[in-house]
$ cat entry_19.csv   # CSV, C-alpha atoms
chain,number,residue,atom,x,y,z
Q,1,MET,CA,11.9,22.7,3.8
Q,2,ALA,CA,9.2,23.5,1.3
Q,3,THR,CA,5.8,22.2,2.3
Q,4,LEU,CA,2.2,22.3,1.0
Q,5,LYS,CA,1.0,23.7,4.4
Q,6,ASP,CA,-2.2,25.8,3.8
Q,7,ALA,CA,-1.1,26.6,0.2
Q,8,THR,CA,-4.4,25.2,-1.2
Q,9,ALA,CA,-8.0,24.8,0.0
Q,10,ILE,CA,-11.0,22.7,-0.8
Q,11,VAL,CA,-13.7,25.2,-1.9
Q,12,GLY,CA,-16.4,22.9,-3.3
Q,13,THR,CA,-18.0,19.5,-2.7
Q,14,GLY,CA,-20.6,17.5,-4.5
Q,15,GLN,CA,-22.3,14.2,-4.3
Q,16,THR,CA,-25.1,12.1,-5.8
Q,17,PRO,CA,-27.7,10.3,-3.7
Q,18,PHE,CA,-26.4,7.0,-2.1
Q,19,ALA,CA,-28.3,3.8,-2.6
Q,20,LYS,CA,-28.0,0.1,-3.0
Q,21,ARG,CA,-28.9,0.5,-6.6
Q,22,LEU,CA,-28.9,3.6,-8.8
Q,23,PRO,CA,-30.0,3.5,-12.5
Q,24,GLU,CA,-27.3,5.9,-13.8
Q,25,SER,CA,-23.9,4.7,-15.1
Q,26,GLU,CA,-20.7,5.4,-13.2
Q,27,LYS,CA,-19.8,8.0,-15.8
Q,28,THR,CA,-23.1,9.9,-15.3
Q,29,LEU,CA,-22.8,9.7,-11.5
Q,30,ALA,CA,-19.2,11.0,-11.7
Q,31,CYS,CA,-20.1,14.0,-13.9
Q,32,ARG,CA,-23.1,14.9,-11.7
Q,33,ALA,CA,-20.9,14.9,-8.6
Q,34,VAL,CA,-18.1,16.9,-10.3
Q,35,LEU,CA,-20.6,19.5,-11.6
Q,36,ALA,CA,-22.2,19.8,-8.2
Q,37,ALA,CA,-18.9,20.4,-6.6
Q,38,LEU,CA,-18.0,23.1,-9.1
Q,39,ASP,CA,-21.4,24.8,-8.6
Q,40,ASP,CA,-20.8,24.7,-4.9
Q,41,ALA,CA,-17.5,26.5,-5.4
Q,42,GLY,CA,-18.9,28.9,-8.0
Q,43,ILE,CA,-16.3,27.9,-10.6
Q,44,ALA,CA,-17.1,27.2,-14.2
Q,45,PRO,CA,-16.3,23.8,-15.6
Q,46,SER,CA,-14.2,25.4,-18.4
Q,47,GLU,CA,-11.7,26.6,-15.7
Q,48,VAL,CA,-10.9,23.0,-14.6
Q,49,ASP,CA,-7.3,22.1,-15.6
Q,50,ALA,CA,-6.5,19.3,-13.2
Q,51,LEU,CA,-8.2,16.0,-12.4
Q,52,ALA,CA,-7.4,13.2,-9.9
Q,53,SER,CA,-9.1,10.0,-9.1
Q,54,TYR,CA,-8.4,6.3,-8.2
Q,55,THR,CA,-6.8,3.6,-10.4
Q,56,MET,CA,-10.0,1.6,-9.6
Q,57,GLU,CA,-12.2,4.4,-11.1
Q,58,GLU,CA,-13.9,3.1,-14.2
Q,59,THR,CA,-14.5,6.6,-15.6
Q,60,ASP,CA,-11.3,8.1,-16.9
Q,61,GLU,CA,-10.2,11.8,-17.1
Q,62,VAL,CA,-10.8,12.0,-20.8
Q,63,GLU,CA,-14.5,11.1,-20.4
Q,64,VAL,CA,-15.0,13.4,-17.4
Q,65,ALA,CA,-13.2,16.3,-19.0
Q,66,LYS,CA,-15.3,16.0,-22.2
Q,67,SER,CA,-18.6,15.5,-20.5
Q,68,ILE,CA,-18.3,18.4,-18.1
Q,69,GLY,CA,-16.8,20.8,-20.6
Q,70,ALA,CA,-13.4,21.2,-18.9
Q,71,GLY,CA,-10.7,23.3,-20.5
Q,72,ASP,CA,-7.2,22.1,-21.4
Q,73,LEU,CA,-5.9,19.7,-18.7
Q,74,THR,CA,-2.3,20.3,-17.5
Q,75,PHE,CA,-2.3,17.8,-14.7
Q,76,PHE,CA,-4.1,14.5,-14.1
Q,77,SER,CA,-3.3,11.5,-11.9
Q,78,LYS,CA,-4.7,8.3,-10.5
Q,79,VAL,CA,-3.9,6.8,-7.1
Q,80,GLY,CA,-3.8,3.1,-6.4
Q,81,PHE,CA,-4.9,0.7,-3.7
Q,82,GLY,CA,-8.6,1.3,-3.5
Q,83,GLY,CA,-9.6,3.1,-0.4
Q,84,GLY,CA,-6.0,3.9,0.4
Q,85,GLY,CA,-6.0,6.4,-2.4
Q,86,SER,CA,-8.9,8.7,-1.3
Q,87,CYS,CA,-6.9,11.4,0.5
Q,88,ALA,CA,-4.0,11.1,-1.9
Q,89,THR,CA,-6.2,12.4,-4.8
Q,90,VAL,CA,-6.6,15.7,-2.9
Q,91,ALA,CA,-2.9,15.6,-2.0
Q,92,HIS,CA,-1.9,15.3,-5.7
Q,93,LEU,CA,-4.1,18.2,-6.7
Q,94,ALA,CA,-2.7,20.3,-3.8
Q,95,ALA,CA,0.9,19.6,-5.0
Q,96,ALA,CA,0.0,20.4,-8.6
Q,97,ILE,CA,-1.7,23.7,-7.7
Q,98,ALA,CA,0.9,24.8,-5.2
Q,99,THR,CA,3.7,24.3,-7.8
Q,100,GLY,CA,1.9,26.1,-10.6
Q,101,GLN,CA,1.1,23.1,-12.7
Q,102,ALA,CA,-2.7,23.8,-12.5
Q,103,SER,CA,-5.1,26.3,-11.0
Q,104,VAL,CA,-8.4,24.4,-10.5
Q,105,GLY,CA,-8.4,20.8,-9.6
Q,106,VAL,CA,-11.2,18.3,-9.1
Q,107,ALA,CA,-10.9,14.9,-7.4
Q,108,TRP,CA,-13.7,12.4,-7.6
Q,109,ARG,CA,-14.8,8.8,-7.1
Q,110,SER,CA,-17.8,7.1,-8.7
Q,111,ARG,CA,-18.7,3.6,-7.9
Q,112,LYS,CA,-21.5,1.1,-8.4
Q,113,ARG,CA,-20.5,-1.5,-5.8
Q,114,GLY,CA,-24.0,-1.9,-4.5
Q,115,SER,CA,-25.4,-3.1,-7.8
Q,116,GLY,CA,-22.1,-4.2,-9.4
Q,117,PRO,CA,-20.0,-7.4,-9.3
Q,118,ARG,CA,-17.6,-8.5,-6.5
Q,119,PRO,CA,-13.9,-8.3,-7.7
Q,120,TRP,CA,-12.9,-11.6,-6.1
Q,121,LYS,CA,-15.6,-13.5,-8.0
Q,122,ASN,CA,-13.6,-13.3,-11.2
Q,123,THR,CA,-11.8,-16.7,-11.1
Q,124,THR,CA,-10.4,-16.4,-14.6
Q,125,ALA,CA,-8.2,-13.5,-13.8
Q,126,GLN,CA,-4.6,-14.2,-12.7
Q,127,LEU,CA,-4.1,-13.4,-9.1
Q,128,PRO,CA,-1.7,-10.6,-8.2
Q,129,THR,CA,1.4,-11.8,-6.3
Q,130,PRO,CA,0.2,-11.1,-2.7
Q,131,ALA,CA,-3.1,-12.9,-3.4
Q,132,GLN,CA,-1.3,-16.1,-4.5
Q,133,TRP,CA,-0.2,-16.4,-0.9
Q,134,THR,CA,-3.7,-15.8,0.7
Q,135,ARG,CA,-6.6,-16.7,-1.5
Q,136,PRO,CA,-5.8,-20.4,-2.0
Q,137,PHE,CA,-5.9,-20.7,1.8
Q,138,GLY,CA,-9.3,-19.1,2.3
Q,139,LEU,CA,-8.6,-15.4,2.6
Q,140,LEU,CA,-10.8,-14.6,-0.4
Q,141,ARG,CA,-12.2,-11.2,0.5
Q,142,PRO,CA,-11.0,-8.1,2.3
Q,143,ALA,CA,-13.3,-9.1,5.2
Q,144,ASP,CA,-11.4,-12.4,5.6
Q,145,GLU,CA,-8.0,-10.6,5.7
Q,146,ILE,CA,-9.1,-8.0,8.2
Q,147,GLY,CA,-10.8,-10.7,10.2
Q,148,MET,CA,-7.5,-12.4,10.7
Q,149,LEU,CA,-5.8,-9.1,11.7
Q,150,ALA,CA,-8.7,-8.4,14.1
Q,151,ARG,CA,-8.3,-11.8,15.7
Q,152,ARG,CA,-4.6,-11.2,16.2
Q,153,TYR,CA,-5.4,-7.8,17.8
Q,154,MET,CA,-7.9,-9.3,20.1
Q,155,HIS,CA,-5.5,-12.0,21.2
Q,156,GLU,CA,-2.6,-9.6,21.8
Q,157,TYR,CA,-4.4,-6.7,23.5
Q,158,GLY,CA,-7.6,-8.0,24.9
Q,159,ALA,CA,-9.9,-6.2,22.5
Q,160,THR,CA,-13.5,-7.6,22.4
Q,161,ARG,CA,-16.5,-7.5,20.2
Q,162,ASP,CA,-17.9,-4.8,22.6
Q,163,HIS,CA,-15.1,-2.5,21.4
Q,164,LEU,CA,-16.0,-3.2,17.8
Q,165,PHE,CA,-19.6,-2.5,18.6
Q,166,ASN,CA,-18.6,0.9,20.0
Q,167,VAL,CA,-17.2,1.8,16.6
Q,168,ALA,CA,-20.2,0.5,14.7
Q,169,LEU,CA,-22.6,2.3,17.0
Q,170,ALA,CA,-20.8,5.7,16.8
Q,171,CYS,CA,-21.0,5.6,13.0
Q,172,ARG,CA,-24.6,4.5,13.0
Q,173,ASN,CA,-25.7,7.2,15.5
Q,174,ARG,CA,-24.2,9.9,13.3
Q,175,ALA,CA,-25.9,8.3,10.2
Q,176,ASN,CA,-29.2,8.5,12.1
Q,177,GLN,CA,-28.7,12.3,12.1
Q,178,ASN,CA,-27.8,12.5,8.3
Q,179,PRO,CA,-30.8,12.3,5.9
Q,180,ALA,CA,-28.4,11.5,3.0
Q,181,ALA,CA,-27.1,8.4,4.8
Q,182,MET,CA,-28.2,4.9,3.7
Q,183,MET,CA,-28.8,4.0,7.3
Q,184,TYR,CA,-30.5,7.3,8.3
Q,185,ASP,CA,-33.7,5.6,9.6
Q,186,ARG,CA,-32.2,2.4,10.8
Q,187,PRO,CA,-30.9,2.6,14.4
Q,188,LEU,CA,-28.5,0.0,15.8
Q,189,THR,CA,-28.6,-1.7,19.2
Q,190,ARG,CA,-26.1,-4.0,21.0
Q,191,ASP,CA,-28.5,-6.9,20.7
Q,192,MET,CA,-28.8,-6.4,17.0
Q,193,TYR,CA,-25.0,-6.3,16.7
Q,194,MET,CA,-24.3,-9.3,18.9
Q,195,ASN,CA,-26.9,-11.5,17.2
Q,196,ALA,CA,-26.0,-10.5,13.6
Q,197,ARG,CA,-24.8,-13.1,11.1
Q,198,TRP,CA,-21.2,-13.7,10.7
Q,199,ILE,CA,-19.3,-12.4,7.7
Q,200,SER,CA,-15.8,-13.5,8.6
Q,201,ASP,CA,-15.2,-14.4,12.3
Q,202,PRO,CA,-14.8,-12.2,14.4
Q,203,LEU,CA,-16.5,-9.8,12.0
Q,204,CYS,CA,-20.3,-9.8,11.9
Q,205,LEU,CA,-22.6,-8.0,9.4
Q,206,PHE,CA,-22.3,-4.6,11.2
Q,207,ASP,CA,-18.5,-4.7,11.3
Q,208,ASN,CA,-18.5,-4.4,7.5
Q,209,CYS,CA,-19.0,-1.4,5.3
Q,210,LEU,CA,-22.1,-0.8,3.2
Q,211,GLU,CA,-22.3,-1.7,-0.5
Q,212,THR,CA,-23.2,1.5,-2.3
Q,213,ASP,CA,-23.9,3.1,-5.7
Q,214,GLY,CA,-22.9,6.8,-5.7
Q,215,ALA,CA,-20.3,9.4,-6.5
Q,216,LEU,CA,-18.6,12.3,-4.8
Q,217,ALA,CA,-16.2,15.1,-5.8
Q,218,CYS,CA,-14.3,18.1,-4.4
Q,219,VAL,CA,-12.6,21.2,-5.9
Q,220,VAL,CA,-9.2,22.4,-4.9
Q,221,VAL,CA,-7.7,25.8,-5.7
Q,222,SER,CA,-4.9,28.0,-4.3
Q,223,ALA,CA,-5.4,29.6,-0.9
Q,224,GLU,CA,-5.3,33.0,-2.6
Q,225,ARG,CA,-8.1,32.1,-5.0
Q,226,ALA,CA,-10.1,30.4,-2.3
Q,227,ARG,CA,-10.8,33.7,-0.6
Q,228,ASP,CA,-12.9,34.7,-3.5
Q,229,CYS,CA,-14.9,31.5,-3.9
Q,230,ARG,CA,-18.5,31.0,-3.0
Q,231,GLN,CA,-17.9,28.9,0.1
Q,232,LYS,CA,-15.8,29.2,3.2
Q,233,PRO,CA,-12.4,27.7,2.3
Q,234,VAL,CA,-11.1,24.6,4.1
Q,235,TYR,CA,-7.3,24.6,4.0
Q,236,VAL,CA,-5.2,21.6,3.2
Q,237,HIS,CA,-2.8,21.9,6.1
Q,238,SER,CA,-0.8,18.7,5.7
Q,239,VAL,CA,-0.8,15.6,3.4
Q,240,ALA,CA,0.9,12.3,3.4
Q,241,GLN,CA,1.0,8.8,1.8
Q,242,GLY,CA,2.3,5.7,3.6
Q,243,LEU,CA,3.7,2.4,2.3
Q,244,PRO,CA,5.7,0.6,5.0
Q,245,ALA,CA,8.7,-1.5,4.2
Q,246,GLN,CA,8.0,-5.2,3.3
Q,247,HIS,CA,4.2,-4.5,3.3
Q,248,HIS,CA,2.0,-7.3,2.1
Q,249,GLY,CA,-1.6,-6.0,1.7
Q,250,MET,CA,-4.1,-6.2,4.4
Q,251,VAL,CA,-2.7,-9.3,6.1
Q,252,ASN,CA,0.7,-7.6,6.4
Q,253,TYR,CA,2.3,-10.8,7.7
Q,254,TRP,CA,5.8,-10.2,6.2
Q,255,ASN,CA,6.4,-7.3,8.6
Q,256,ASP,CA,7.9,-7.8,12.0
Q,257,ASP,CA,4.6,-6.5,13.5
Q,258,PRO,CA,1.6,-7.0,11.3
Q,259,LEU,CA,-0.5,-4.7,13.5
Q,260,THR,CA,1.7,-1.8,12.7
Q,261,GLY,CA,0.2,-0.9,9.3
Q,262,PRO,CA,0.5,1.9,6.8
Q,263,ALA,CA,-1.2,4.4,9.1
Q,264,TRP,CA,2.0,4.5,11.2
Q,265,THR,CA,4.1,5.4,8.1
Q,266,ALA,CA,1.7,8.0,6.9
Q,267,ALA,CA,1.2,9.6,10.3
Q,268,ARG,CA,4.9,10.3,10.8
Q,269,GLN,CA,5.0,12.3,7.6
Q,270,LEU,CA,1.7,14.0,8.3
Q,271,TRP,CA,2.5,15.3,11.7
Q,272,LYS,CA,6.1,16.2,10.8
Q,273,GLN,CA,4.7,18.8,8.4
Q,274,ALA,CA,1.9,20.1,10.7
Q,275,ASP,CA,1.6,23.0,13.2
Q,276,PHE,CA,-0.5,20.9,15.5
Q,277,GLY,CA,-0.7,17.3,16.7
Q,278,PRO,CA,-3.3,14.6,17.6
Q,279,ASP,CA,-4.3,16.4,20.8
Q,280,ASP,CA,-5.4,19.4,18.8
Q,281,ILE,CA,-7.8,17.5,16.5
Q,282,ASP,CA,-11.4,18.5,17.0
Q,283,VAL,CA,-13.0,15.8,14.8
Q,284,ALA,CA,-11.8,12.9,12.7
Q,285,GLN,CA,-13.0,11.1,9.7
Q,286,ILE,CA,-11.3,7.7,10.0
Q,287,TYR,CA,-11.5,5.1,7.2
Q,288,ASP,CA,-14.0,2.4,8.3
Q,289,ALA,CA,-14.4,-0.3,5.8
Q,290,PHE,CA,-14.3,-2.6,8.8
Q,291,THR,CA,-14.6,-1.7,12.5
Q,292,PRO,CA,-11.2,-3.0,13.5
Q,293,LEU,CA,-9.5,-0.4,11.3
Q,294,ILE,CA,-10.6,2.3,13.8
Q,295,PRO,CA,-8.6,1.2,16.8
Q,296,LEU,CA,-5.7,0.4,14.6
Q,297,SER,CA,-5.8,3.9,13.1
Q,298,LEU,CA,-6.3,5.5,16.5
Q,299,GLU,CA,-3.0,4.0,17.5
Q,300,GLY,CA,-1.2,4.7,14.2
Q,301,TYR,CA,-2.2,8.4,14.1
Q,302,GLY,CA,-1.1,8.9,17.7
Q,303,PHE,CA,-4.4,9.3,19.6
Q,304,CYS,CA,-3.4,6.6,22.0
Q,305,GLY,CA,-0.6,4.2,22.7
Q,306,ARG,CA,0.2,0.8,21.1
Q,307,GLY,CA,-2.5,-1.7,22.0
Q,308,GLU,CA,-4.8,1.0,23.5
Q,309,GLY,CA,-7.0,1.7,20.5
Q,310,ALA,CA,-9.8,-0.7,21.7
Q,311,ALA,CA,-10.0,0.8,25.1
Q,312,PHE,CA,-10.0,4.3,23.6
Q,313,THR,CA,-13.5,3.6,22.2
Q,314,GLU,CA,-15.0,3.1,25.6
Q,315,GLY,CA,-17.2,5.6,27.4
Q,316,GLY,CA,-18.6,7.2,24.3
Q,317,ALA,CA,-15.2,8.5,23.2
Q,318,LEU,CA,-16.1,8.3,19.5
Q,319,GLU,CA,-19.6,9.9,19.9
Q,320,SER,CA,-20.6,13.5,19.6
Q,321,GLY,CA,-19.2,15.2,22.7
Q,322,GLY,CA,-16.7,12.5,23.2
Q,323,ARG,CA,-12.8,12.6,23.3
Q,324,LEU,CA,-12.7,12.3,19.5
Q,325,PRO,CA,-15.9,12.4,17.5
Q,326,ILE,CA,-15.5,10.3,14.4
Q,327,ASN,CA,-17.2,9.8,11.0
Q,328,THR,CA,-19.8,12.4,11.7
Q,329,GLY,CA,-21.8,11.7,8.5
Q,330,GLY,CA,-21.9,7.9,9.3
Q,331,GLY,CA,-18.8,6.9,7.4
Q,332,GLY,CA,-18.4,3.8,5.2
Q,333,LEU,CA,-20.2,1.7,7.8
Q,334,SER,CA,-23.5,3.7,7.9
Q,335,GLU,CA,-23.5,6.6,5.4
Q,336,ALA,CA,-22.1,5.1,2.2
Q,337,TYR,CA,-19.1,3.2,1.0
Q,338,VAL,CA,-17.5,5.0,-1.9
Q,339,HIS,CA,-13.9,4.1,-1.1
Q,340,GLY,CA,-13.7,6.8,1.6
Q,341,PHE,CA,-14.4,9.9,-0.4
Q,342,ASN,CA,-17.4,10.8,1.8
Q,343,LEU,CA,-15.0,11.1,4.7
Q,344,ILE,CA,-13.3,14.0,2.8
Q,345,THR,CA,-16.5,15.8,2.0
Q,346,GLU,CA,-17.7,15.3,5.6
Q,347,GLY,CA,-14.5,16.8,6.9
Q,348,VAL,CA,-15.1,19.8,4.8
Q,349,LYS,CA,-18.7,20.1,6.1
Q,350,GLN,CA,-17.4,20.0,9.7
Q,351,LEU,CA,-15.0,22.9,9.1
Q,352,ARG,CA,-17.6,24.9,7.2
Q,353,GLY,CA,-20.0,24.3,10.1
Q,354,THR,CA,-22.6,22.6,8.0
Q,355,SER,CA,-22.5,18.9,9.2
Q,356,THR,CA,-25.7,17.2,10.3
Q,357,ALA,CA,-23.7,16.2,13.4
Q,358,GLN,CA,-21.8,19.4,13.8
Q,359,VAL,CA,-18.9,19.5,16.4
Q,360,PRO,CA,-19.1,22.9,17.9
Q,361,SER,CA,-16.4,25.3,16.8
Q,362,ALA,CA,-14.6,22.5,14.9
Q,363,ALA,CA,-11.4,24.0,13.4
Q,364,THR,CA,-9.2,21.0,12.7
Q,365,CYS,CA,-10.0,17.7,11.1
Q,366,LEU,CA,-8.0,14.5,10.4
Q,367,VAL,CA,-9.2,12.5,7.3
Q,368,THR,CA,-7.6,9.1,6.7
Q,369,ALA,CA,-7.7,6.6,3.8
Q,370,GLY,CA,-7.7,2.8,4.1
Q,371,GLU,CA,-5.6,1.3,6.8
Q,372,GLY,CA,-4.2,-2.2,5.9
Q,373,VAL,CA,-3.4,-1.0,2.4
Q,374,PRO,CA,-0.9,1.6,1.1
Q,375,THR,CA,-2.7,4.7,2.5
Q,376,SER,CA,-2.9,8.5,2.6
Q,377,ALA,CA,-4.2,11.1,5.0
Q,378,LEU,CA,-5.1,14.8,5.2
Q,379,LEU,CA,-5.1,17.4,7.9
Q,380,LEU,CA,-7.7,20.0,7.2
Q,381,ARG,CA,-8.2,23.3,9.0
Q,382,SER,CA,-10.7,26.2,8.8

$ encode --input "entry_19.csv" --output "structure tokens"
Amino acid sequence: MATLKDATAIVGTGQTPFAKRLPESEKTLACRAVLAALDDAGIAPSEVDALASYTMEETDEVEVAKSIGAGDLTFFSKVGFGGGGSCATVAHLAAAIATGQASVGVAWRSRKRGSGPRPWKNTTAQLPTPAQWTRPFGLLRPADEIGMLARRYMHEYGATRDHLFNVALACRNRANQNPAAMMYDRPLTRDMYMNARWISDPLCLFDNCLETDGALACVVVSAERARDCRQKPVYVHSVAQGLPAQHHGMVNYWNDDPLTGPAWTAARQLWKQADFGPDDIDVAQIYDAFTPLIPLSLEGYGFCGRGEGAAFTEGGALESGGRLPINTGGGGLSEAYVHGFNLITEGVKQLRGTSTAQVPSAATCLVTAGEGVPTSALLLRS
């Protein structure tokens, strides 16, 4: 069976500063991140012939291509479902390059969520079909939907707020090592966590991702070309997307088991195409818009058994030196929330050996997109 295994590599990454409020437009931020990624790779903008981003991206490929001085584009795509699309942007570029449709691809995400509006505040827009069955009953925000899933998980498997704190603390500790992180100089303690204001029971303030202005990008080329680029190549070993049968957004309550989310579907495809498995992963960048997504993803991607994700977080397992160091730049909880793209770039840094919280001799990295929504994932290797 033909696969994309190691046929392409990420050779450049770029990002803007992260902040609650940045003065630049989303278009300007996007172009700065893209140009920084190309410079990192040592590739001229005129060589770019493929672009990929999210359907929720406000800056389209026409504007980016013109503004950076790209050449003729022969491939461009957008991936849906917000944070679920992050890894899929790289997957689409890898497929295009491996099949000869393009030679230099750039994926990006630019967002002004910190200073911008909240999507659910627009009461004049017609609700999409799934939301018609949730929002009239009080599930207005993603936090409300994940809060309901978290309560179900706690009820069924005995997870506690201490387990969620383990997740929040691991991400905050790594952000405290990362000068680019929004929470770089703001340590987190258990008392702070347990006494924080509620956002949507059982989720408190520190169970929720940051609200961030910023942009990130990465450059993908063939494995052959990657050998001649400026930076050490990070190979795209396996890719996957996942949309389970009868899925219903974050609440997932039309499934037989609402706690078996899209991660399970993506994982089966991801590992099927890989030369290694969960036990061989040195470091993971797991989508963390909300702390409960980490134990759910740990189970879905096979790091532990069903219902064991909360217990997996105990004993410093997610910290540097633990069983599975995660989100080593701080993740969406403590570095920046730009729909998970910083998890991709942090994975690249780990395999280059340049992370601010470097895992010694890291050679394999799992990167995941949003759990709870149609999702995607990458296996990267050095």

$ closest_atom_pairs --input "entry_19.csv" --of "range 258-305 of chain Q" --to "range 327-339 of chain Q" --cutoff "12 Å" --atoms "only C-alpha atoms" --output "tab-separated table"
residue	atom	partner	partner_atom	distance
Q:Asp282	CA	Q:Thr328	CA	11.7
Q:Val283	CA	Q:Thr328	CA	8.2
Q:Ala284	CA	Q:Asn327	CA	6.5
Q:Gln285	CA	Q:Asn327	CA	4.6
Q:Ile286	CA	Q:Asn327	CA	6.3
Q:Tyr287	CA	Q:Gly332	CA	7.3
Q:Asp288	CA	Q:Gly332	CA	5.6
Q:Ala289	CA	Q:Gly332	CA	5.8
Q:Phe290	CA	Q:Leu333	CA	7.4
Q:Thr291	CA	Q:Leu333	CA	8.1
Q:Pro292	CA	Q:Leu333	CA	11.6
Q:Leu293	CA	Q:Leu333	CA	11.5
Q:Ile294	CA	Q:Asn327	CA	10.4

$ residues_around --input "entry_19.csv" --residues "Ser222 in chain Q" --least-positions-apart "4" --cutoff "12 Å" --atoms "all atoms listed in the file" --output "list in words"
Leu4, Lys5, Asp6, Ala7, Thr8, Ala9, Ile10, Val11, Leu93, Ala94, Ala95, Ala96, Ile97, Ala98, Thr99, Gly100, Gln101, Ala102, Ser103, Val104, Gly105, Ala226, Arg227, Asp228, Cys229, Pro233, Val234, Tyr235 and Val236 of chain Q

$ closest_residue --input "entry_19.csv" --among "Q:Leu210, Q:Met154, Q:Val348, Q:Ala245" --to "Gly309 in chain Q" --atoms "only C-alpha atoms"
Q:Met154

$ closest_residue --input "entry_19.csv" --among "Q:Cys365, Q:Val106, Q:Met250, Q:Ala310" --to "Val34 in chain Q" --atoms "all atoms listed in the file"
Q:Val106

$ closest_residue --input "entry_19.csv" --among "Q:Ala19, Q:Leu270, Q:Leu318, Q:Met148" --to "Met182 in chain Q" --atoms "all atoms listed in the file"
Q:Ala19

$ atom_distance --input "entry_19.csv" --atom1 "CA of Tyr301 in chain Q" --atom2 "CA of Thr356 in chain Q"
25.4 Å

$ atom_distance --input "entry_19.csv" --atom1 "CA of Thr55 in chain Q" --atom2 "CA of Arg21 in chain Q"
22.6 Å

$ closest_residue --input "entry_19.csv" --among "Q:Ile68, Q:Ala150, Q:Ala215, Q:Ala240" --to "Pro17 in chain Q" --atoms "only C-alpha atoms"
Q:Ala215

$ atom_distance --input "entry_19.csv" --atom1 "CA of Asn255 in chain Q" --atom2 "CA of Arg161 in chain Q"
25.7 Å

$ residues_near_point --input "entry_19.csv" --point "(-8.3, 10.8, -18.4)" --cutoff "12 Å" --atoms "only C-alpha atoms" --output "count of residues only"
26
